[in-house]
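Everything below belongs to protein_18.cif, which stores mmCIF, C-alpha atoms and all ligand atoms.
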```
data_start
loop_
_atom_site.group_PDB
_atom_site.id
_atom_site.type_symbol
_atom_site.label_atom_id
_atom_site.label_comp_id
_atom_site.auth_asym_id
_atom_site.auth_seq_id
_atom_site.Cartn_x
_atom_site.Cartn_y
_atom_site.Cartn_z
ATOM 1 C CA MET C 1145 0.000 0.000 0.000
ATOM 2 C CA THR C 1146 1.199 3.495 -0.833
ATOM 3 C CA LEU C 1147 2.745 5.554 1.960
ATOM 4 C CA ASP C 1148 0.496 8.594 1.414
ATOM 5 C CA THR C 1149 -3.006 7.478 2.376
ATOM 6 C CA GLN C 1150 -4.790 10.834 1.882
ATOM 7 C CA HIS C 1151 -6.423 9.889 -1.403
ATOM 8 C CA LEU C 1152 -7.434 6.448 -0.051
ATOM 9 C CA ASN C 1153 -9.182 8.000 2.946
ATOM 10 C CA LYS C 1154 -11.190 10.495 0.889
ATOM 11 C CA ASN C 1155 -13.560 7.868 -0.476
ATOM 12 C CA ARG C 1156 -13.636 5.309 2.314
ATOM 13 C CA GLN C 1157 -16.864 6.399 4.007
ATOM 14 C CA ASP C 1158 -19.893 8.302 2.789
ATOM 15 C CA LEU C 1159 -20.022 10.792 5.642
ATOM 16 C CA SER C 1160 -22.920 12.697 4.088
ATOM 17 C CA GLN C 1161 -25.298 9.934 5.224
ATOM 18 C CA LEU C 1162 -24.446 10.228 8.921
ATOM 19 C CA ASP C 1163 -26.505 12.301 11.392
ATOM 20 C CA GLU C 1164 -23.533 12.600 13.721
ATOM 21 C CA ILE C 1165 -19.883 11.967 12.921
ATOM 22 C CA TRP C 1166 -17.769 10.719 15.824
ATOM 23 C CA LEU C 1167 -14.000 10.389 15.710
ATOM 24 C CA PHE C 1168 -12.131 8.298 18.288
ATOM 25 C CA GLY C 1169 -8.768 9.679 19.410
ATOM 26 C CA TYR C 1170 -6.412 7.298 21.188
ATOM 27 C CA GLY C 1171 -3.039 8.955 20.602
ATOM 28 C CA SER C 1172 -1.935 12.360 19.403
ATOM 29 C CA LEU C 1173 -5.551 13.342 18.766
ATOM 30 C CA ILE C 1174 -6.007 13.355 22.550
ATOM 31 C CA TYR C 1175 -3.326 15.947 23.259
ATOM 32 C CA LYS C 1176 -2.997 17.807 19.952
ATOM 33 C CA VAL C 1177 -6.513 18.955 19.149
ATOM 34 C CA ASP C 1178 -5.824 21.235 16.183
ATOM 35 C CA PHE C 1179 -9.246 20.749 14.590
ATOM 36 C CA ASP C 1180 -12.747 22.053 15.259
ATOM 37 C CA TYR C 1181 -15.215 19.815 17.026
ATOM 38 C CA ILE C 1182 -18.798 20.125 18.211
ATOM 39 C CA ARG C 1183 -18.336 18.289 21.527
ATOM 40 C CA SER C 1184 -16.060 15.728 23.060
ATOM 41 C CA GLU C 1185 -16.240 13.129 25.783
ATOM 42 C CA ARG C 1186 -14.242 10.211 27.091
ATOM 43 C CA ALA C 1187 -14.935 6.979 25.314
ATOM 44 C CA HIS C 1188 -13.538 3.491 24.873
ATOM 45 C CA ILE C 1189 -13.380 0.711 22.352
ATOM 46 C CA PHE C 1190 -13.075 -3.028 22.955
ATOM 47 C CA GLY C 1191 -10.688 -5.513 21.363
ATOM 48 C CA TYR C 1192 -7.769 -3.184 20.622
ATOM 49 C CA GLU C 1193 -4.720 -1.828 22.366
ATOM 50 C CA ARG C 1194 -2.247 0.983 21.695
ATOM 51 C CA ARG C 1195 1.147 -0.039 20.323
ATOM 52 C CA PHE C 1196 4.149 1.921 19.008
ATOM 53 C CA TRP C 1197 4.375 -0.275 15.920
ATOM 54 C CA GLN C 1198 4.040 2.483 13.281
ATOM 55 C CA GLY C 1199 6.964 4.372 11.748
ATOM 56 C CA SER C 1200 6.878 8.160 11.466
ATOM 57 C CA HIS C 1201 8.799 9.667 8.564
ATOM 58 C CA ASP C 1202 6.915 12.949 8.545
ATOM 59 C CA HIS C 1203 6.183 14.043 12.137
ATOM 60 C CA ARG C 1204 8.476 12.408 14.698
ATOM 61 C CA GLY C 1205 11.239 11.166 12.439
ATOM 62 C CA THR C 1206 12.586 11.485 8.915
ATOM 63 C CA PRO C 1207 12.663 9.133 5.908
ATOM 64 C CA ASP C 1208 16.251 8.193 6.845
ATOM 65 C CA LYS C 1209 15.521 7.833 10.541
ATOM 66 C CA PRO C 1210 11.852 7.116 11.180
ATOM 67 C CA GLY C 1211 10.452 7.567 14.647
ATOM 68 C CA ARG C 1212 7.786 5.425 16.308
ATOM 69 C CA VAL C 1213 4.149 6.443 16.747
ATOM 70 C CA LEU C 1214 0.955 4.709 17.734
ATOM 71 C CA THR C 1215 -1.427 2.434 16.026
ATOM 72 C CA LEU C 1216 -4.064 0.075 17.390
ATOM 73 C CA VAL C 1217 -3.610 -3.674 17.294
ATOM 74 C CA GLU C 1218 -6.335 -6.228 17.787
ATOM 75 C CA SER C 1219 -6.269 -7.909 21.156
ATOM 76 C CA GLU C 1220 -8.831 -10.095 22.902
ATOM 77 C CA ASN C 1221 -10.472 -8.988 26.144
ATOM 78 C CA THR C 1222 -8.970 -5.532 26.089
ATOM 79 C CA ARG C 1223 -10.428 -2.082 26.414
ATOM 80 C CA CYS C 1224 -8.744 1.036 25.050
ATOM 81 C CA GLY C 1225 -9.822 4.398 26.453
ATOM 82 C CA GLY C 1226 -9.548 7.663 24.621
ATOM 83 C CA VAL C 1227 -11.565 10.691 23.607
ATOM 84 C CA ALA C 1228 -14.490 10.822 21.191
ATOM 85 C CA PHE C 1229 -14.963 14.018 19.212
ATOM 86 C CA GLN C 1230 -18.178 14.851 17.420
ATOM 87 C CA VAL C 1231 -16.989 16.570 14.261
ATOM 88 C CA SER C 1232 -18.299 17.774 10.946
ATOM 89 C CA HIS C 1233 -17.120 16.191 7.709
ATOM 90 C CA ASP C 1234 -14.909 19.150 6.800
ATOM 91 C CA VAL C 1235 -12.272 18.339 9.466
ATOM 92 C CA PHE C 1236 -11.121 15.358 7.440
ATOM 93 C CA ASP C 1237 -9.228 17.346 4.803
ATOM 94 C CA HIS C 1238 -6.949 18.511 7.578
ATOM 95 C CA LEU C 1239 -6.831 15.229 9.515
ATOM 96 C CA ASP C 1240 -6.310 13.034 6.451
ATOM 97 C CA HIS C 1241 -3.327 15.246 5.619
ATOM 98 C CA ARG C 1242 -2.003 15.210 9.188
ATOM 99 C CA GLU C 1243 -2.300 11.409 9.419
ATOM 100 C CA LYS C 1244 -1.312 10.578 5.844
ATOM 101 C CA ASN C 1245 1.707 8.420 6.705
ATOM 102 C CA GLY C 1246 0.008 5.046 6.395
ATOM 103 C CA TYR C 1247 -3.180 5.606 8.407
ATOM 104 C CA LEU C 1248 -6.588 4.583 7.110
ATOM 105 C CA ARG C 1249 -9.930 5.590 8.532
ATOM 106 C CA HIS C 1250 -11.976 2.653 9.828
ATOM 107 C CA GLU C 1251 -15.428 2.425 11.339
ATOM 108 C CA ILE C 1252 -15.533 1.209 14.921
ATOM 109 C CA SER C 1253 -18.042 0.676 17.748
ATOM 110 C CA LEU C 1254 -17.473 3.437 20.201
ATOM 111 C CA HIS C 1255 -18.750 3.504 23.798
ATOM 112 C CA LEU C 1256 -19.182 7.028 25.079
ATOM 113 C CA ASP C 1257 -18.746 7.484 28.830
ATOM 114 C CA SER C 1258 -22.242 9.021 28.963
ATOM 115 C CA GLY C 1259 -23.539 5.535 28.131
ATOM 116 C CA LYS C 1260 -24.353 5.877 24.453
ATOM 117 C CA ALA C 1261 -22.847 3.494 21.877
ATOM 118 C CA VAL C 1262 -22.172 4.986 18.454
ATOM 119 C CA THR C 1263 -20.343 4.042 15.297
ATOM 120 C CA GLY C 1264 -17.250 6.178 15.064
ATOM 121 C CA LEU C 1265 -14.217 6.605 12.878
ATOM 122 C CA VAL C 1266 -10.676 5.815 13.932
ATOM 123 C CA TYR C 1267 -7.343 6.139 12.152
ATOM 124 C CA THR C 1268 -5.212 3.011 12.308
ATOM 125 C CA ALA C 1269 -1.996 2.024 10.602
ATOM 126 C CA ASP C 1270 -2.367 -1.564 9.487
ATOM 127 C CA ALA C 1271 0.498 -4.028 9.108
ATOM 128 C CA ASP C 1272 0.510 -3.789 5.298
ATOM 129 C CA ASN C 1273 1.366 -0.087 5.108
ATOM 130 C CA GLU C 1274 4.857 0.874 3.975
ATOM 131 C CA ALA C 1275 5.694 2.767 7.154
ATOM 132 C CA TYR C 1276 4.793 -0.123 9.477
ATOM 133 C CA LEU C 1277 7.677 -1.179 11.719
ATOM 134 C CA GLY C 1278 5.987 -3.769 13.898
ATOM 135 C CA GLU C 1279 6.679 -5.245 17.277
ATOM 136 C CA ALA C 1280 9.792 -4.487 19.308
ATOM 137 C CA SER C 1281 10.731 -4.716 22.984
ATOM 138 C CA ILE C 1282 10.167 -1.781 25.334
ATOM 139 C CA ALA C 1283 13.949 -1.219 25.467
ATOM 140 C CA GLU C 1284 14.243 -1.210 21.648
ATOM 141 C CA LEU C 1285 11.263 1.106 21.280
ATOM 142 C CA ALA C 1286 12.652 3.526 23.858
ATOM 143 C CA GLU C 1287 16.098 3.560 22.228
ATOM 144 C CA GLN C 1288 14.655 4.340 18.797
ATOM 145 C CA ILE C 1289 12.232 6.944 20.154
ATOM 146 C CA TYR C 1290 14.968 8.631 22.203
ATOM 147 C CA GLU C 1291 17.158 9.057 19.120
ATOM 148 C CA CYS C 1292 14.510 10.302 16.680
ATOM 149 C CA SER C 1293 13.132 13.717 15.885
ATOM 150 C CA GLY C 1294 11.120 15.174 13.031
ATOM 151 C CA PRO C 1295 9.218 18.279 11.881
ATOM 152 C CA SER C 1296 6.724 17.936 14.774
ATOM 153 C CA GLY C 1297 9.510 17.679 17.361
ATOM 154 C CA PRO C 1298 11.414 15.029 19.295
ATOM 155 C CA ASN C 1299 9.807 11.601 19.222
ATOM 156 C CA ARG C 1300 10.086 11.310 23.000
ATOM 157 C CA GLU C 1301 7.860 14.415 23.439
ATOM 158 C CA TYR C 1302 5.093 12.446 21.718
ATOM 159 C CA VAL C 1303 5.387 9.801 24.434
ATOM 160 C CA TYR C 1304 5.617 12.308 27.301
ATOM 161 C CA ASP C 1305 2.651 14.364 26.031
ATOM 162 C CA LEU C 1306 0.588 11.256 25.404
ATOM 163 C CA ALA C 1307 1.355 9.747 28.827
ATOM 164 C CA ALA C 1308 0.417 13.033 30.546
ATOM 165 C CA ALA C 1309 -2.826 13.275 28.561
ATOM 166 C CA LEU C 1310 -3.739 9.663 29.370
ATOM 167 C CA ARG C 1311 -3.152 10.274 33.085
ATOM 168 C CA ALA C 1312 -5.247 13.454 32.924
ATOM 169 C CA HIS C 1313 -8.054 11.319 31.505
ATOM 170 C CA GLY C 1314 -7.624 8.633 34.172
ATOM 171 C CA GLU C 1315 -6.453 6.140 31.585
ATOM 172 C CA ILE C 1316 -3.814 3.545 32.516
ATOM 173 C CA ASP C 1317 -1.788 2.171 29.623
ATOM 174 C CA GLU C 1318 1.159 0.027 30.681
ATOM 175 C CA HIS C 1319 2.684 -0.104 27.181
ATOM 176 C CA VAL C 1320 2.850 3.695 26.976
ATOM 177 C CA PHE C 1321 3.890 4.140 30.617
ATOM 178 C CA ALA C 1322 6.676 1.524 30.346
ATOM 179 C CA ILE C 1323 8.168 3.323 27.326
ATOM 180 C CA GLU C 1324 7.834 6.634 29.157
ATOM 181 C CA ARG C 1325 9.738 5.220 32.163
ATOM 182 C CA ALA C 1326 12.486 3.817 29.917
ATOM 183 C CA LEU C 1327 12.846 7.190 28.163
ATOM 184 C CA ARG C 1328 12.958 9.175 31.412
ATOM 185 C CA ALA C 1329 15.741 6.858 32.610
ATOM 186 C CA MET C 1330 17.766 7.787 29.491
ATOM 187 C CA GLU C 1331 17.461 11.567 30.034
ATOM 188 C CA PRO C 1332 20.554 13.252 31.492
ATOM 189 C CA ALA C 1333 20.217 13.897 35.255
HETATM 190 C C1 LIG T 1 -5.298 9.164 17.345
HETATM 191 O O1 LIG T 1 -4.907 9.822 18.277
HETATM 192 O O2 LIG T 1 -6.450 8.733 17.313
HETATM 193 C C2 LIG T 1 -4.404 8.906 16.200
HETATM 194 C C3 LIG T 1 -3.211 8.301 16.433
HETATM 195 C C4 LIG T 1 -2.361 8.080 15.365
HETATM 196 C C5 LIG T 1 -2.744 8.475 14.089
HETATM 197 C C6 LIG T 1 -3.966 9.065 13.879
HETATM 198 C C7 LIG T 1 -4.814 9.288 14.940
#
```

Please, can you express the file's structure as structure tokens?
Amino acid sequence: MTLDTQHLNKNRQDLSQLDEIWLFGYGSLIYKVDFDYIRSERAHIFGYERRFWQGSHDHRGTPDKPGRVLTLVESENTRCGGVAFQVSHDVFDHLDHREKNGYLRHEISLHLDSGKAVTGLVYTADADNEAYLGEASIAELAEQIYECSGPSGPNREYVYDLAAALRAHGEIDEHVFAIERALRAMEPA
């Protein structure tokens, strides 16, 4: 699959048919909200967990030295908490551009903390995209993340900002927090 997924995302869903459009944020969309939204609330999905398996050539790394950013991987009996944003269809020009490095928009069952279940959209980077890096140990992930930087800043800031945002939302994610701990241990005293 091509690295730039913008054109693929444009025609994936017919958003004009939806009364409400909900977008699930589980990573940078939680702490970098640079798009308009109608309302937001905490939400969760079942059967997925956050993993730093996706390469970043455009935000937190470079083509020569890609960083590591999040995707969702399927996982039984798991719950992944994040933030649901009710948006209008015109945010997707911006978001499809922002998340063009291998991410595709998928439909997903979303459980809003207020109790409502809705169908939402979520960006995930699947294993067949060209930027996919796949599984690595916490130590390997932290080493790569510590060394990488791109146009959006140091890769480790992504982890620190994400971990802080997850804590602020009362969300515990041991994968993210373990990488954060490993990175903090590498920082000069
Ligand atoms: C998110 O925060 O939902 C997100 C993470 C990575 C890429 C696109 C979106």

Among C:Ala1307, C:Val1217, C:Asn1245, C:Gly1225, Ala1322 in chain C is approached most closely, using all atoms listed in the file, by C:Ala1307

Show me which residues sit within 7 Å of ligand LIG 1 (chain T) when counting all atoms listed in the file, and put them as JSON, numbers by chain. {"C": [1168, 1169, 1170, 1171, 1172, 1173, 1174, 1213, 1214, 1215, 1243, 1247, 1266, 1267, 1268]}

Starting from the shown file, work through the PyMOL selection byres (((chain C and resi 1303) around 9) and not hetatm) and note down what comes out as a PyMOL selection string. chain C and resi 1213+1289+1299-1302+1304-1308+1320-1321+1323-1324+1327

Based on the selection just made, write C-alpha atoms of those residues as a compact mmCIF listing (two decimals), in the frame of the given file.
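So the final result, stored in selection10.txt, reads:
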```
# COMPACT_ATOMS: atom_id res chain seq x y z
CA VAL C 1213 4.15 6.44 16.75
CA ILE C 1289 12.23 6.94 20.15
CA ASN C 1299 9.81 11.60 19.22
CA ARG C 1300 10.09 11.31 23.00
CA GLU C 1301 7.86 14.42 23.44
CA TYR C 1302 5.09 12.45 21.72
CA TYR C 1304 5.62 12.31 27.30
CA ASP C 1305 2.65 14.36 26.03
CA LEU C 1306 0.59 11.26 25.40
CA ALA C 1307 1.36 9.75 28.83
CA ALA C 1308 0.42 13.03 30.55
CA VAL C 1320 2.85 3.70 26.98
CA PHE C 1321 3.89 4.14 30.62
CA ILE C 1323 8.17 3.32 27.33
CA GLU C 1324 7.83 6.63 29.16
CA LEU C 1327 12.85 7.19 28.16
```

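Closest approach to Leu1310 in chain C among C:Cys1224, C:Leu1256, C:Ala1275, C:Val1262 is made by C:Cys1224 (distances from only C-alpha atoms).
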
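Minimum atom-to-atom distances from C:Leu1152, C:Leu1239, C:Ala1329, C:Val1177 to Ala1309 in chain C were compared using all atoms listed in the file, and the lowest value belongs to C:Val1177.
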
From the list C:Gly1278, C:Gly1246, C:Pro1295, C:Gly1226, the nearest residue to His1313 in chain C using all atoms listed in the file is C:Gly1226

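Using all atoms listed in the file, the shortest contact distance between Val1227 in chain C and any of C:Glu1331, C:Glu1315, C:Glu1291, C:Glu1274 is found at C:Glu1315.
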
Residue with the minimum atom-to-atom distance to Leu1254 in chain C, picked from C:Ser1200, C:Gln1288, C:Gln1157, C:Gln1230 with all atoms listed in the file counted, is C:Gln1230

Under the PyMOL selection byres (((chain C and resi 1151) around 12) and not hetatm), which residues of this model are included? Write them out as a PyMOL selection string. chain C and resi 1145-1150+1152-1156+1236-1237+1240-1241+1243-1249

- Would you be able to write out as a PyMOL selection string which residues have an atom within 6 Å of (-13.5, 15.1, 22.6) in the file's coordinates, counting all atoms listed in the file? chain C and resi 1183-1185+1227-1229

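We find CA of Leu1216 in chain C and CA of Ala1269 in chain C to be spaced 7.4 Å apart.
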
From CA of Tyr1175 in chain C to CA of Ser1293 in chain C the spacing works out at 18.2 Å

N, CA, C and O atoms are what I want for range 1255-1279 of chain C; can you complete it accordingly and write them as a compact mmCIF listing (two decimals), keeping the file's coordinate frame?
```
# COMPACT_ATOMS: atom_id res chain seq x y z
N HIS C 1255 -17.91 3.42 22.59
CA HIS C 1255 -18.75 3.50 23.80
C HIS C 1255 -18.43 4.81 24.50
O HIS C 1255 -17.34 4.98 25.05
N LEU C 1256 -19.38 5.73 24.43
CA LEU C 1256 -19.18 7.03 25.08
C LEU C 1256 -19.38 6.87 26.58
O LEU C 1256 -20.23 6.07 27.02
N ASP C 1257 -18.63 7.62 27.37
CA ASP C 1257 -18.75 7.48 28.83
C ASP C 1257 -20.14 7.86 29.33
O ASP C 1257 -20.55 7.41 30.40
N SER C 1258 -20.87 8.66 28.56
CA SER C 1258 -22.24 9.02 28.96
C SER C 1258 -23.19 7.84 28.80
O SER C 1258 -24.36 7.92 29.20
N GLY C 1259 -22.72 6.74 28.21
CA GLY C 1259 -23.54 5.54 28.13
C GLY C 1259 -24.00 5.18 26.73
O GLY C 1259 -24.45 4.06 26.50
N LYS C 1260 -23.88 6.13 25.81
CA LYS C 1260 -24.35 5.88 24.45
C LYS C 1260 -23.30 5.08 23.67
O LYS C 1260 -22.10 5.29 23.86
N ALA C 1261 -23.77 4.18 22.80
CA ALA C 1261 -22.85 3.49 21.88
C ALA C 1261 -23.10 4.04 20.47
O ALA C 1261 -24.25 4.16 20.05
N VAL C 1262 -22.04 4.41 19.80
CA VAL C 1262 -22.17 4.99 18.45
C VAL C 1262 -21.16 4.32 17.53
O VAL C 1262 -20.18 3.71 17.99
N THR C 1263 -21.39 4.45 16.24
CA THR C 1263 -20.34 4.04 15.30
C THR C 1263 -19.46 5.26 15.06
O THR C 1263 -19.97 6.36 14.77
N GLY C 1264 -18.18 5.06 15.24
CA GLY C 1264 -17.25 6.18 15.06
C GLY C 1264 -16.20 5.84 14.02
O GLY C 1264 -16.19 4.74 13.46
N LEU C 1265 -15.35 6.82 13.78
CA LEU C 1265 -14.22 6.60 12.88
C LEU C 1265 -12.94 6.63 13.69
O LEU C 1265 -12.84 7.35 14.69
N VAL C 1266 -11.97 5.84 13.25
CA VAL C 1266 -10.68 5.82 13.93
C VAL C 1266 -9.60 5.64 12.88
O VAL C 1266 -9.80 4.94 11.88
N TYR C 1267 -8.48 6.32 13.06
CA TYR C 1267 -7.34 6.14 12.15
C TYR C 1267 -6.45 5.03 12.70
O TYR C 1267 -5.98 5.12 13.85
N THR C 1268 -6.20 4.02 11.90
CA THR C 1268 -5.21 3.01 12.31
C THR C 1268 -4.23 2.75 11.17
O THR C 1268 -4.57 2.91 10.00
N ALA C 1269 -3.04 2.36 11.57
CA ALA C 1269 -2.00 2.02 10.60
C ALA C 1269 -1.89 0.50 10.60
O ALA C 1269 -1.45 -0.10 11.58
N ASP C 1270 -2.32 -0.11 9.53
CA ASP C 1270 -2.37 -1.56 9.49
C ASP C 1270 -1.01 -2.13 9.06
O ASP C 1270 -0.18 -1.42 8.49
N ALA C 1271 -0.83 -3.42 9.30
CA ALA C 1271 0.50 -4.03 9.11
C ALA C 1271 0.97 -4.00 7.66
O ALA C 1271 2.17 -4.18 7.40
N ASP C 1272 0.08 -3.76 6.71
CA ASP C 1272 0.51 -3.79 5.30
C ASP C 1272 0.91 -2.40 4.77
O ASP C 1272 1.17 -2.26 3.59
N ASN C 1273 0.95 -1.40 5.64
CA ASN C 1273 1.37 -0.09 5.11
C ASN C 1273 2.89 0.03 5.12
O ASN C 1273 3.57 -0.58 5.94
N GLU C 1274 3.40 0.84 4.20
CA GLU C 1274 4.86 0.87 3.98
C GLU C 1274 5.65 1.40 5.15
O GLU C 1274 6.84 1.14 5.28
N ALA C 1275 4.98 2.17 6.02
CA ALA C 1275 5.69 2.77 7.15
C ALA C 1275 5.65 1.88 8.40
O ALA C 1275 6.25 2.22 9.42
N TYR C 1276 4.96 0.75 8.30
CA TYR C 1276 4.79 -0.12 9.48
C TYR C 1276 6.13 -0.71 9.92
O TYR C 1276 6.90 -1.23 9.10
N LEU C 1277 6.42 -0.63 11.20
CA LEU C 1277 7.68 -1.18 11.72
C LEU C 1277 7.46 -2.44 12.55
O LEU C 1277 8.35 -3.28 12.63
N GLY C 1278 6.31 -2.54 13.18
CA GLY C 1278 5.99 -3.77 13.90
C GLY C 1278 6.53 -3.82 15.31
O GLY C 1278 7.08 -2.85 15.85
N GLU C 1279 6.40 -5.03 15.86
CA GLU C 1279 6.68 -5.24 17.28
C GLU C 1279 8.16 -5.08 17.61
O GLU C 1279 9.04 -5.41 16.80
```
